[in-house]
>>> print(open('final_22.cif').read())   # mmCIF, N, CA and C atoms
data_data
loop_
_atom_site.label_atom_id
_atom_site.label_comp_id
_atom_site.auth_asym_id
_atom_site.auth_seq_id
_atom_site.Cartn_x
_atom_site.Cartn_y
_atom_site.Cartn_z
N MET A 1 0.85 -1.15 0.00
CA MET A 1 0.00 0.00 0.00
C MET A 1 0.91 1.23 0.00
N PRO A 2 0.67 2.18 -0.91
CA PRO A 2 1.53 3.36 -0.97
C PRO A 2 1.41 4.18 0.33
N LEU A 3 2.43 4.91 0.63
CA LEU A 3 2.53 5.67 1.86
C LEU A 3 1.40 6.70 1.99
N LEU A 4 1.08 7.42 0.93
CA LEU A 4 0.03 8.43 0.97
C LEU A 4 -1.34 7.80 1.26
N HIS A 5 -1.57 6.64 0.66
CA HIS A 5 -2.83 5.92 0.89
C HIS A 5 -2.93 5.47 2.35
N ARG A 6 -1.84 4.92 2.90
CA ARG A 6 -1.81 4.48 4.29
C ARG A 6 -2.04 5.65 5.24
N LEU A 7 -1.45 6.78 4.94
CA LEU A 7 -1.60 7.97 5.75
C LEU A 7 -3.07 8.43 5.76
N ALA A 8 -3.72 8.41 4.61
CA ALA A 8 -5.12 8.81 4.51
C ALA A 8 -6.02 7.87 5.30
N VAL A 9 -5.81 6.57 5.20
CA VAL A 9 -6.62 5.58 5.92
C VAL A 9 -6.41 5.74 7.43
N THR A 10 -5.18 5.93 7.86
CA THR A 10 -4.88 6.09 9.28
C THR A 10 -5.53 7.36 9.83
N THR A 11 -5.47 8.44 9.08
CA THR A 11 -6.09 9.70 9.51
C THR A 11 -7.60 9.54 9.62
N ALA A 12 -8.22 8.92 8.63
CA ALA A 12 -9.67 8.71 8.66
C ALA A 12 -10.07 7.85 9.85
N ALA A 13 -9.33 6.82 10.14
CA ALA A 13 -9.63 5.94 11.27
C ALA A 13 -9.47 6.70 12.59
N ALA A 14 -8.45 7.54 12.69
CA ALA A 14 -8.23 8.30 13.92
C ALA A 14 -9.35 9.31 14.15
N VAL A 15 -9.78 9.96 13.08
CA VAL A 15 -10.88 10.93 13.20
C VAL A 15 -12.16 10.21 13.62
N ALA A 16 -12.46 9.08 13.01
CA ALA A 16 -13.67 8.32 13.36
C ALA A 16 -13.63 7.86 14.81
N ALA A 17 -12.48 7.41 15.28
CA ALA A 17 -12.35 6.96 16.66
C ALA A 17 -12.52 8.12 17.63
N THR A 18 -11.99 9.28 17.29
CA THR A 18 -12.12 10.45 18.14
C THR A 18 -13.57 10.91 18.23
N VAL A 19 -14.25 10.95 17.09
CA VAL A 19 -15.66 11.35 17.08
C VAL A 19 -16.49 10.37 17.89
N ALA A 20 -16.26 9.08 17.75
CA ALA A 20 -17.01 8.06 18.48
C ALA A 20 -16.76 8.19 19.98
N ALA A 21 -15.53 8.49 20.36
CA ALA A 21 -15.20 8.60 21.78
C ALA A 21 -15.84 9.84 22.41
N LEU A 22 -15.97 10.91 21.65
CA LEU A 22 -16.52 12.15 22.18
C LEU A 22 -18.04 12.20 22.12
N SER A 23 -18.68 11.36 21.31
CA SER A 23 -20.14 11.36 21.18
C SER A 23 -20.76 10.61 22.33
N PRO A 24 -21.86 11.14 22.90
CA PRO A 24 -22.55 10.39 23.96
C PRO A 24 -23.22 9.15 23.39
N ALA A 25 -23.47 8.18 24.26
CA ALA A 25 -24.08 6.93 23.82
C ALA A 25 -25.51 7.16 23.32
N THR A 26 -26.21 8.08 23.94
CA THR A 26 -27.55 8.41 23.49
C THR A 26 -27.61 9.90 23.19
N ALA A 27 -28.46 10.24 22.27
CA ALA A 27 -28.58 11.65 21.90
C ALA A 27 -29.34 12.40 22.99
N THR A 28 -28.80 13.51 23.41
CA THR A 28 -29.47 14.35 24.39
C THR A 28 -29.89 15.65 23.73
N PRO A 29 -31.13 16.08 23.96
CA PRO A 29 -31.57 17.32 23.33
C PRO A 29 -30.84 18.51 23.93
N LEU A 30 -30.61 19.50 23.12
CA LEU A 30 -30.00 20.73 23.60
C LEU A 30 -31.05 21.55 24.33
N PRO A 31 -30.66 22.26 25.39
CA PRO A 31 -31.65 23.08 26.08
C PRO A 31 -32.06 24.27 25.23
N LEU A 32 -33.28 24.76 25.48
CA LEU A 32 -33.74 25.95 24.78
C LEU A 32 -32.89 27.14 25.20
N PRO A 33 -32.65 28.07 24.30
CA PRO A 33 -31.87 29.24 24.67
C PRO A 33 -32.61 30.09 25.70
N MET A 34 -31.86 30.71 26.59
CA MET A 34 -32.45 31.61 27.57
C MET A 34 -32.83 32.91 26.88
N SER A 35 -33.88 33.55 27.36
CA SER A 35 -34.27 34.81 26.77
C SER A 35 -33.26 35.89 27.12
N TYR A 36 -33.16 36.90 26.29
CA TYR A 36 -32.16 37.94 26.48
C TYR A 36 -32.58 38.99 27.50
N ASP A 37 -33.88 39.08 27.80
CA ASP A 37 -34.33 40.13 28.70
C ASP A 37 -34.32 39.70 30.16
N GLY A 38 -33.81 38.52 30.46
CA GLY A 38 -33.72 38.05 31.83
C GLY A 38 -35.02 37.44 32.33
N GLU A 39 -36.08 37.49 31.55
CA GLU A 39 -37.35 36.90 31.96
C GLU A 39 -37.44 35.46 31.44
N SER A 40 -38.37 34.73 31.99
CA SER A 40 -38.61 33.36 31.54
C SER A 40 -39.08 33.37 30.09
N SER A 41 -38.61 32.40 29.31
CA SER A 41 -39.09 32.30 27.94
C SER A 41 -40.48 31.67 27.91
N ASP A 42 -40.88 31.00 29.00
CA ASP A 42 -42.20 30.40 29.11
C ASP A 42 -43.04 31.32 30.00
N ARG A 43 -43.74 32.24 29.37
CA ARG A 43 -44.49 33.25 30.10
C ARG A 43 -45.83 33.46 29.41
N LEU A 44 -46.91 33.35 30.19
CA LEU A 44 -48.25 33.50 29.65
C LEU A 44 -49.05 34.50 30.48
N VAL A 45 -49.87 35.27 29.79
CA VAL A 45 -50.85 36.11 30.45
C VAL A 45 -52.18 35.35 30.36
N VAL A 46 -52.75 35.07 31.51
CA VAL A 46 -53.97 34.28 31.61
C VAL A 46 -55.11 35.22 32.00
N ARG A 47 -56.18 35.22 31.21
CA ARG A 47 -57.37 36.01 31.53
C ARG A 47 -58.55 35.04 31.61
N VAL A 48 -59.26 35.07 32.73
CA VAL A 48 -60.37 34.15 32.94
C VAL A 48 -61.58 34.93 33.44
N SER A 49 -62.74 34.60 32.86
CA SER A 49 -63.99 35.22 33.27
C SER A 49 -65.04 34.13 33.48
N GLU A 50 -65.72 34.18 34.61
CA GLU A 50 -66.75 33.18 34.89
C GLU A 50 -68.01 33.42 34.07
N THR A 51 -68.27 34.67 33.72
CA THR A 51 -69.49 35.00 32.98
C THR A 51 -69.21 35.32 31.52
N GLY A 52 -67.96 35.42 31.14
CA GLY A 52 -67.62 35.79 29.78
C GLY A 52 -67.65 37.29 29.55
N ARG A 53 -67.91 38.05 30.61
CA ARG A 53 -67.97 39.52 30.50
C ARG A 53 -66.66 40.14 31.00
N HIS A 54 -66.30 41.23 30.38
CA HIS A 54 -65.03 41.87 30.67
C HIS A 54 -64.91 42.34 32.13
N PHE A 55 -66.01 42.84 32.72
CA PHE A 55 -65.92 43.43 34.05
C PHE A 55 -65.57 42.43 35.15
N ASP A 56 -65.77 41.14 34.92
CA ASP A 56 -65.43 40.17 35.97
C ASP A 56 -64.20 39.34 35.61
N THR A 57 -63.41 39.80 34.68
CA THR A 57 -62.22 39.08 34.24
C THR A 57 -61.08 39.26 35.24
N VAL A 58 -60.44 38.14 35.58
CA VAL A 58 -59.21 38.20 36.38
C VAL A 58 -58.03 37.97 35.45
N ARG A 59 -56.91 38.55 35.80
CA ARG A 59 -55.70 38.45 34.96
C ARG A 59 -54.55 37.97 35.83
N TYR A 60 -53.88 36.92 35.36
CA TYR A 60 -52.70 36.41 36.03
C TYR A 60 -51.54 36.41 35.04
N VAL A 61 -50.35 36.57 35.55
CA VAL A 61 -49.15 36.35 34.75
C VAL A 61 -48.53 35.06 35.28
N LEU A 62 -48.24 34.15 34.38
CA LEU A 62 -47.66 32.87 34.76
C LEU A 62 -46.32 32.70 34.06
N ALA A 63 -45.26 32.59 34.82
CA ALA A 63 -43.93 32.33 34.28
C ALA A 63 -43.46 30.97 34.77
N CYS A 64 -42.86 30.21 33.87
CA CYS A 64 -42.33 28.89 34.23
C CYS A 64 -40.87 28.81 33.76
N HIS A 65 -40.11 28.01 34.46
CA HIS A 65 -38.69 27.77 34.10
C HIS A 65 -37.86 29.02 34.15
N PRO A 66 -37.75 29.73 35.22
CA PRO A 66 -38.20 29.44 36.59
C PRO A 66 -39.64 29.91 36.82
N THR A 67 -40.23 29.35 37.88
CA THR A 67 -41.62 29.64 38.22
C THR A 67 -41.73 31.03 38.84
N GLY A 68 -42.76 31.76 38.42
CA GLY A 68 -42.99 33.09 38.98
C GLY A 68 -44.29 33.66 38.45
N GLY A 69 -44.46 34.95 38.64
CA GLY A 69 -45.65 35.64 38.17
C GLY A 69 -46.67 35.82 39.27
N THR A 70 -47.89 36.18 38.88
CA THR A 70 -48.95 36.48 39.84
C THR A 70 -50.00 35.38 39.94
N HIS A 71 -49.85 34.31 39.19
CA HIS A 71 -50.82 33.21 39.26
C HIS A 71 -50.81 32.62 40.67
N PRO A 72 -51.99 32.43 41.30
CA PRO A 72 -52.02 31.95 42.69
C PRO A 72 -51.51 30.53 42.88
N ARG A 73 -51.48 29.73 41.85
CA ARG A 73 -50.96 28.35 41.96
C ARG A 73 -49.92 28.13 40.85
N ALA A 74 -48.94 28.99 40.79
CA ALA A 74 -47.97 28.99 39.69
C ALA A 74 -47.24 27.65 39.54
N ARG A 75 -46.76 27.08 40.62
CA ARG A 75 -46.02 25.81 40.51
C ARG A 75 -46.88 24.70 39.92
N ALA A 76 -48.08 24.56 40.44
CA ALA A 76 -48.99 23.52 39.93
C ALA A 76 -49.39 23.80 38.49
N ALA A 77 -49.60 25.08 38.15
CA ALA A 77 -49.96 25.44 36.77
C ALA A 77 -48.82 25.12 35.81
N CYS A 78 -47.59 25.40 36.21
CA CYS A 78 -46.43 25.08 35.35
C CYS A 78 -46.30 23.56 35.17
N ARG A 79 -46.53 22.80 36.24
CA ARG A 79 -46.48 21.33 36.12
C ARG A 79 -47.56 20.85 35.16
N GLN A 80 -48.75 21.44 35.23
CA GLN A 80 -49.84 21.04 34.34
C GLN A 80 -49.48 21.36 32.88
N LEU A 81 -48.91 22.52 32.64
CA LEU A 81 -48.48 22.88 31.28
C LEU A 81 -47.39 21.94 30.78
N ASP A 82 -46.42 21.63 31.63
CA ASP A 82 -45.36 20.71 31.24
C ASP A 82 -45.92 19.34 30.86
N ALA A 83 -46.92 18.87 31.62
CA ALA A 83 -47.53 17.56 31.35
C ALA A 83 -48.28 17.55 30.02
N GLN A 84 -48.77 18.70 29.57
CA GLN A 84 -49.52 18.77 28.31
C GLN A 84 -48.61 19.03 27.11
N THR A 85 -47.34 19.29 27.34
CA THR A 85 -46.43 19.67 26.26
C THR A 85 -45.72 18.44 25.69
N GLU A 86 -45.88 18.24 24.38
CA GLU A 86 -45.20 17.17 23.65
C GLU A 86 -44.56 17.77 22.41
N TRP A 87 -43.39 17.27 22.07
CA TRP A 87 -42.68 17.75 20.88
C TRP A 87 -43.54 17.54 19.64
N GLY A 88 -43.69 18.57 18.82
CA GLY A 88 -44.42 18.47 17.56
C GLY A 88 -45.93 18.59 17.66
N ARG A 89 -46.45 18.90 18.86
CA ARG A 89 -47.90 19.03 19.04
C ARG A 89 -48.19 20.33 19.78
N ASP A 90 -49.14 21.08 19.29
CA ASP A 90 -49.54 22.34 19.92
C ASP A 90 -50.49 22.02 21.08
N PRO A 91 -50.05 22.20 22.33
CA PRO A 91 -50.94 21.85 23.45
C PRO A 91 -52.16 22.76 23.55
N PHE A 92 -52.11 23.92 22.90
CA PHE A 92 -53.20 24.89 22.98
C PHE A 92 -54.09 24.88 21.75
N ALA A 93 -53.91 23.92 20.87
CA ALA A 93 -54.67 23.87 19.61
C ALA A 93 -56.17 23.86 19.89
N PRO A 94 -56.93 24.58 19.07
CA PRO A 94 -58.39 24.58 19.26
C PRO A 94 -58.99 23.24 18.88
N VAL A 95 -60.23 23.05 19.27
CA VAL A 95 -60.97 21.84 18.87
C VAL A 95 -61.09 21.87 17.35
N PRO A 96 -60.74 20.78 16.66
CA PRO A 96 -60.80 20.77 15.20
C PRO A 96 -62.22 21.00 14.68
N PRO A 97 -62.36 21.72 13.58
CA PRO A 97 -63.69 21.91 12.99
C PRO A 97 -64.30 20.55 12.63
N GLY A 98 -65.56 20.41 12.87
CA GLY A 98 -66.25 19.17 12.54
C GLY A 98 -66.08 18.07 13.57
N ALA A 99 -65.44 18.36 14.71
CA ALA A 99 -65.26 17.34 15.75
C ALA A 99 -66.62 16.96 16.33
N MET A 100 -66.78 15.68 16.61
CA MET A 100 -68.03 15.18 17.21
C MET A 100 -67.97 15.44 18.71
N CYS A 101 -68.78 16.40 19.19
CA CYS A 101 -68.76 16.80 20.59
C CYS A 101 -70.14 16.63 21.20
N THR A 102 -70.17 16.33 22.48
CA THR A 102 -71.45 16.21 23.16
C THR A 102 -72.09 17.59 23.28
N GLY A 103 -73.39 17.61 23.44
CA GLY A 103 -74.13 18.86 23.56
C GLY A 103 -74.10 19.43 24.97
N GLN A 104 -73.24 18.92 25.80
CA GLN A 104 -73.10 19.37 27.18
C GLN A 104 -72.71 20.86 27.19
N TYR A 105 -73.25 21.61 28.13
CA TYR A 105 -72.92 23.03 28.24
C TYR A 105 -72.31 23.29 29.61
N GLY A 106 -71.13 23.89 29.63
CA GLY A 106 -70.41 24.10 30.89
C GLY A 106 -70.49 25.51 31.43
N GLY A 107 -71.30 26.37 30.83
CA GLY A 107 -71.45 27.73 31.33
C GLY A 107 -70.79 28.76 30.44
N GLU A 108 -70.87 30.00 30.88
CA GLU A 108 -70.40 31.12 30.08
C GLU A 108 -68.92 31.45 30.26
N ALA A 109 -68.21 30.69 31.05
CA ALA A 109 -66.81 31.00 31.34
C ALA A 109 -65.99 31.07 30.05
N THR A 110 -65.09 32.03 30.02
CA THR A 110 -64.15 32.16 28.90
C THR A 110 -62.75 32.41 29.46
N ALA A 111 -61.76 32.10 28.66
CA ALA A 111 -60.38 32.35 29.07
C ALA A 111 -59.52 32.56 27.83
N THR A 112 -58.44 33.30 28.01
CA THR A 112 -57.45 33.45 26.94
C THR A 112 -56.07 33.25 27.54
N LEU A 113 -55.19 32.72 26.73
CA LEU A 113 -53.77 32.59 27.06
C LEU A 113 -52.99 33.30 25.97
N ARG A 114 -52.10 34.19 26.36
CA ARG A 114 -51.25 34.88 25.39
C ARG A 114 -49.84 34.93 25.94
N GLY A 115 -48.88 34.77 25.06
CA GLY A 115 -47.49 34.84 25.47
C GLY A 115 -46.64 33.87 24.68
N ARG A 116 -45.70 33.21 25.39
CA ARG A 116 -44.81 32.24 24.76
C ARG A 116 -44.74 30.98 25.62
N TRP A 117 -44.73 29.84 24.95
CA TRP A 117 -44.58 28.56 25.65
C TRP A 117 -43.72 27.67 24.77
N ALA A 118 -42.69 27.07 25.35
CA ALA A 118 -41.77 26.16 24.64
C ALA A 118 -41.20 26.82 23.38
N GLY A 119 -40.90 28.11 23.49
CA GLY A 119 -40.29 28.82 22.38
C GLY A 119 -41.25 29.25 21.28
N ARG A 120 -42.55 29.04 21.48
CA ARG A 120 -43.53 29.38 20.44
C ARG A 120 -44.54 30.38 20.97
N PRO A 121 -45.05 31.25 20.08
CA PRO A 121 -46.08 32.19 20.52
C PRO A 121 -47.39 31.46 20.82
N VAL A 122 -48.12 31.97 21.81
CA VAL A 122 -49.41 31.39 22.19
C VAL A 122 -50.46 32.50 22.14
N ASN A 123 -51.58 32.20 21.50
CA ASN A 123 -52.74 33.07 21.48
C ASN A 123 -53.95 32.14 21.40
N ALA A 124 -54.41 31.68 22.55
CA ALA A 124 -55.46 30.66 22.60
C ALA A 124 -56.68 31.19 23.35
N ARG A 125 -57.84 30.77 22.90
CA ARG A 125 -59.11 31.13 23.54
C ARG A 125 -59.81 29.86 23.98
N PHE A 126 -60.41 29.89 25.18
CA PHE A 126 -61.09 28.73 25.74
C PHE A 126 -62.52 29.11 26.11
N THR A 127 -63.44 28.16 25.88
CA THR A 127 -64.83 28.31 26.31
C THR A 127 -65.27 26.97 26.90
N ARG A 128 -66.52 26.91 27.34
CA ARG A 128 -67.06 25.66 27.89
C ARG A 128 -68.41 25.37 27.22
N THR A 129 -68.47 25.60 25.90
CA THR A 129 -69.75 25.55 25.17
C THR A 129 -70.19 24.15 24.75
N ASN A 130 -69.31 23.15 24.79
CA ASN A 130 -69.69 21.78 24.46
C ASN A 130 -68.70 20.82 25.12
N GLY A 131 -68.94 19.53 24.95
CA GLY A 131 -68.11 18.54 25.62
C GLY A 131 -66.63 18.62 25.22
N CYS A 132 -66.36 18.90 23.96
CA CYS A 132 -64.96 19.00 23.51
C CYS A 132 -64.26 20.20 24.13
N GLU A 133 -64.97 21.34 24.16
CA GLU A 133 -64.39 22.55 24.74
C GLU A 133 -64.20 22.40 26.25
N ILE A 134 -65.13 21.72 26.91
CA ILE A 134 -65.00 21.47 28.35
C ILE A 134 -63.78 20.58 28.62
N ALA A 135 -63.60 19.53 27.81
CA ALA A 135 -62.44 18.65 27.98
C ALA A 135 -61.14 19.42 27.75
N ARG A 136 -61.13 20.29 26.75
CA ARG A 136 -59.93 21.11 26.46
C ARG A 136 -59.66 22.04 27.65
N TRP A 137 -60.69 22.66 28.20
CA TRP A 137 -60.55 23.54 29.36
C TRP A 137 -59.99 22.74 30.54
N ASN A 138 -60.54 21.55 30.77
CA ASN A 138 -60.14 20.74 31.93
C ASN A 138 -58.68 20.30 31.86
N ARG A 139 -58.11 20.17 30.66
CA ARG A 139 -56.69 19.85 30.54
C ARG A 139 -55.82 20.95 31.14
N PHE A 140 -56.38 22.15 31.25
CA PHE A 140 -55.66 23.31 31.79
C PHE A 140 -56.40 23.90 33.00
N SER A 141 -57.08 23.05 33.76
CA SER A 141 -57.95 23.52 34.84
C SER A 141 -57.21 24.35 35.90
N ILE A 142 -55.97 24.03 36.18
CA ILE A 142 -55.21 24.80 37.17
C ILE A 142 -54.76 26.12 36.55
N VAL A 143 -54.31 26.07 35.32
CA VAL A 143 -53.87 27.28 34.62
C VAL A 143 -55.04 28.25 34.46
N LEU A 144 -56.21 27.71 34.06
CA LEU A 144 -57.40 28.53 33.81
C LEU A 144 -58.26 28.60 35.06
N ARG A 145 -57.66 28.94 36.14
CA ARG A 145 -58.33 28.99 37.43
C ARG A 145 -59.44 30.04 37.38
N LEU A 146 -60.67 29.60 37.66
CA LEU A 146 -61.81 30.52 37.67
C LEU A 146 -61.73 31.45 38.88
N PRO A 147 -62.23 32.66 38.76
CA PRO A 147 -62.25 33.58 39.90
C PRO A 147 -62.96 32.94 41.08
N GLY A 148 -62.38 33.05 42.26
CA GLY A 148 -62.99 32.50 43.47
C GLY A 148 -62.76 31.02 43.68
N SER A 149 -62.02 30.36 42.78
CA SER A 149 -61.80 28.91 42.98
C SER A 149 -60.42 28.64 43.53
#
>>> encode(input="final_22.cif", output="structure tokens")
Amino acid sequence: MPLLHRLAVTTAAAVAATVAALSPATATPLPLPMSYDGESSDRLVVRVSETGRHFDTVRYVLACHPTGGTHPRARAACRQLDAQTEWGRDPFAPVPPGAMCTGQYGGEATATLRGRWAGRPVNARFTRTNGCEIARWNRFSIVLRLPGS
């Protein structure tokens, strides 16, 4: 084998061995970048109304990672949000058009979430007008804490 060929094969083998030695056995996801303003990148403004009218609306700020804000149960709300978050799925997605929902009515309560979650903008509206909407609301029952509850 010519010297140049041997040198090339040896170099390629050394590089492959070095890369294999430095690579972890399993792939670990990289953490999300921290926000530049010093605030949590997971921050939502929660507005909830029991009657759906503006005058009885309560407003909370919920920050997670680290936990903070004015939400009365911030830690539990952040845990609930974390449990609903899956890669590649919008946890706040509305009920799909044409979904088969029960005619159950849960009242006039309304809620909105605005801000950022898992690096993505959030602008979601919640109601309790049928079984699907009630189930969607209940997935975030701690986050969407009704006034007085």
>>> closest_residue(input="final_22.cif", among="A:Thr67, A:Ala135, A:Leu144, A:Ser49", to="Leu113 in chain A", atoms="only C-alpha atoms")
A:Leu144
>>> residues_around(input="final_22.cif", residues="His65 in chain A", least_positions_apart="2", cutoff="8 Å", atoms="only N, CA and C atoms", output="list in words")
Glu39, Ser40, Ser41, Asp42, Arg43, Leu62, Ala63, Thr67, Gly68 and Cys78 of chain A
>>> closest_residue(input="final_22.cif", among="A:Ala109, A:Thr70, A:Met100, A:Ile142", to="Val48 in chain A", atoms="all atoms listed in the file")
A:Ala109
>>> atom_distance(input="final_22.cif", atom1="atom N of Val122 in chain A", atom2="atom N of Tyr105 in chain A")
27.9 Å
>>> resolve_selection(input="final_22.cif", expression="the PyMOL selection byres ((chain A and resi 87-96) around 7)", output="list of chain:residue names")
A:Gln84, A:Thr85, A:Glu86, A:Pro97, A:Gly98, A:Ala99, A:Ala124, A:Cys132, A:Glu133
>>> resolve_selection(input="final_22.cif", expression="the PyMOL selection byres ((chain A and resi 104) around 5)", output="JSON, numbers by chain")
{"A": [102, 103, 105, 106, 129, 130, 131]}
>>> atom_distance(input="final_22.cif", atom1="atom C of Leu81 in chain A", atom2="atom C of Arg59 in chain A")
18.3 Å
>>> atom_distance(input="final_22.cif", atom1="CA of Thr127 in chain A", atom2="CA of Gly52 in chain A")
8.7 Å
>>> residues_around(input="final_22.cif", residues="His71 in chain A", least_positions_apart="2", cutoff="5 Å", atoms="only N, CA and C atoms", output="list in words")
Tyr60, Val61, Gly69, Arg73 and Ala74 of chain A
>>> residues_around(input="final_22.cif", residues="Asn123 in chain A", least_positions_apart="3", cutoff="10 Å", atoms="only C-alpha atoms", output="PyMOL selection string")
chain A and resi 44-45+92-93+112-116+120
>>> build_atoms(input="final_22.cif", residues="range 116-127 of chain A", atoms="N, CA, C and O atoms", output="short mmCIF file (atom, residue, chain, number, x, y, z; two decimals), in the frame of the given file")
data_model
loop_
_atom_site.label_atom_id
_atom_site.label_comp_id
_atom_site.auth_asym_id
_atom_site.auth_seq_id
_atom_site.Cartn_x
_atom_site.Cartn_y
_atom_site.Cartn_z
N ARG A 116 -45.70 33.21 25.39
CA ARG A 116 -44.81 32.24 24.76
C ARG A 116 -44.74 30.98 25.62
O ARG A 116 -44.70 31.08 26.85
N TRP A 117 -44.73 29.84 24.95
CA TRP A 117 -44.58 28.56 25.65
C TRP A 117 -43.72 27.67 24.77
O TRP A 117 -43.99 27.53 23.58
N ALA A 118 -42.69 27.07 25.35
CA ALA A 118 -41.77 26.16 24.64
C ALA A 118 -41.20 26.82 23.38
O ALA A 118 -41.09 26.18 22.34
N GLY A 119 -40.90 28.11 23.49
CA GLY A 119 -40.29 28.82 22.38
C GLY A 119 -41.25 29.25 21.28
O GLY A 119 -40.82 29.75 20.25
N ARG A 120 -42.55 29.04 21.48
CA ARG A 120 -43.53 29.38 20.44
C ARG A 120 -44.54 30.38 20.97
O ARG A 120 -44.91 30.34 22.14
N PRO A 121 -45.05 31.25 20.08
CA PRO A 121 -46.08 32.19 20.52
C PRO A 121 -47.39 31.46 20.82
O PRO A 121 -47.72 30.47 20.18
N VAL A 122 -48.12 31.97 21.81
CA VAL A 122 -49.41 31.39 22.19
C VAL A 122 -50.46 32.50 22.14
O VAL A 122 -50.25 33.59 22.67
N ASN A 123 -51.58 32.20 21.50
CA ASN A 123 -52.74 33.07 21.48
C ASN A 123 -53.95 32.14 21.40
O ASN A 123 -54.44 31.83 20.32
N ALA A 124 -54.41 31.68 22.55
CA ALA A 124 -55.46 30.66 22.60
C ALA A 124 -56.68 31.19 23.35
O ALA A 124 -56.55 31.93 24.33
N ARG A 125 -57.84 30.77 22.90
CA ARG A 125 -59.11 31.13 23.54
C ARG A 125 -59.81 29.86 23.98
O ARG A 125 -59.83 28.87 23.25
N PHE A 126 -60.41 29.89 25.18
CA PHE A 126 -61.09 28.73 25.74
C PHE A 126 -62.52 29.11 26.11
O PHE A 126 -62.77 30.21 26.60
N THR A 127 -63.44 28.16 25.88
CA THR A 127 -64.83 28.31 26.31
C THR A 127 -65.27 26.97 26.90
O THR A 127 -64.50 26.01 26.91
#
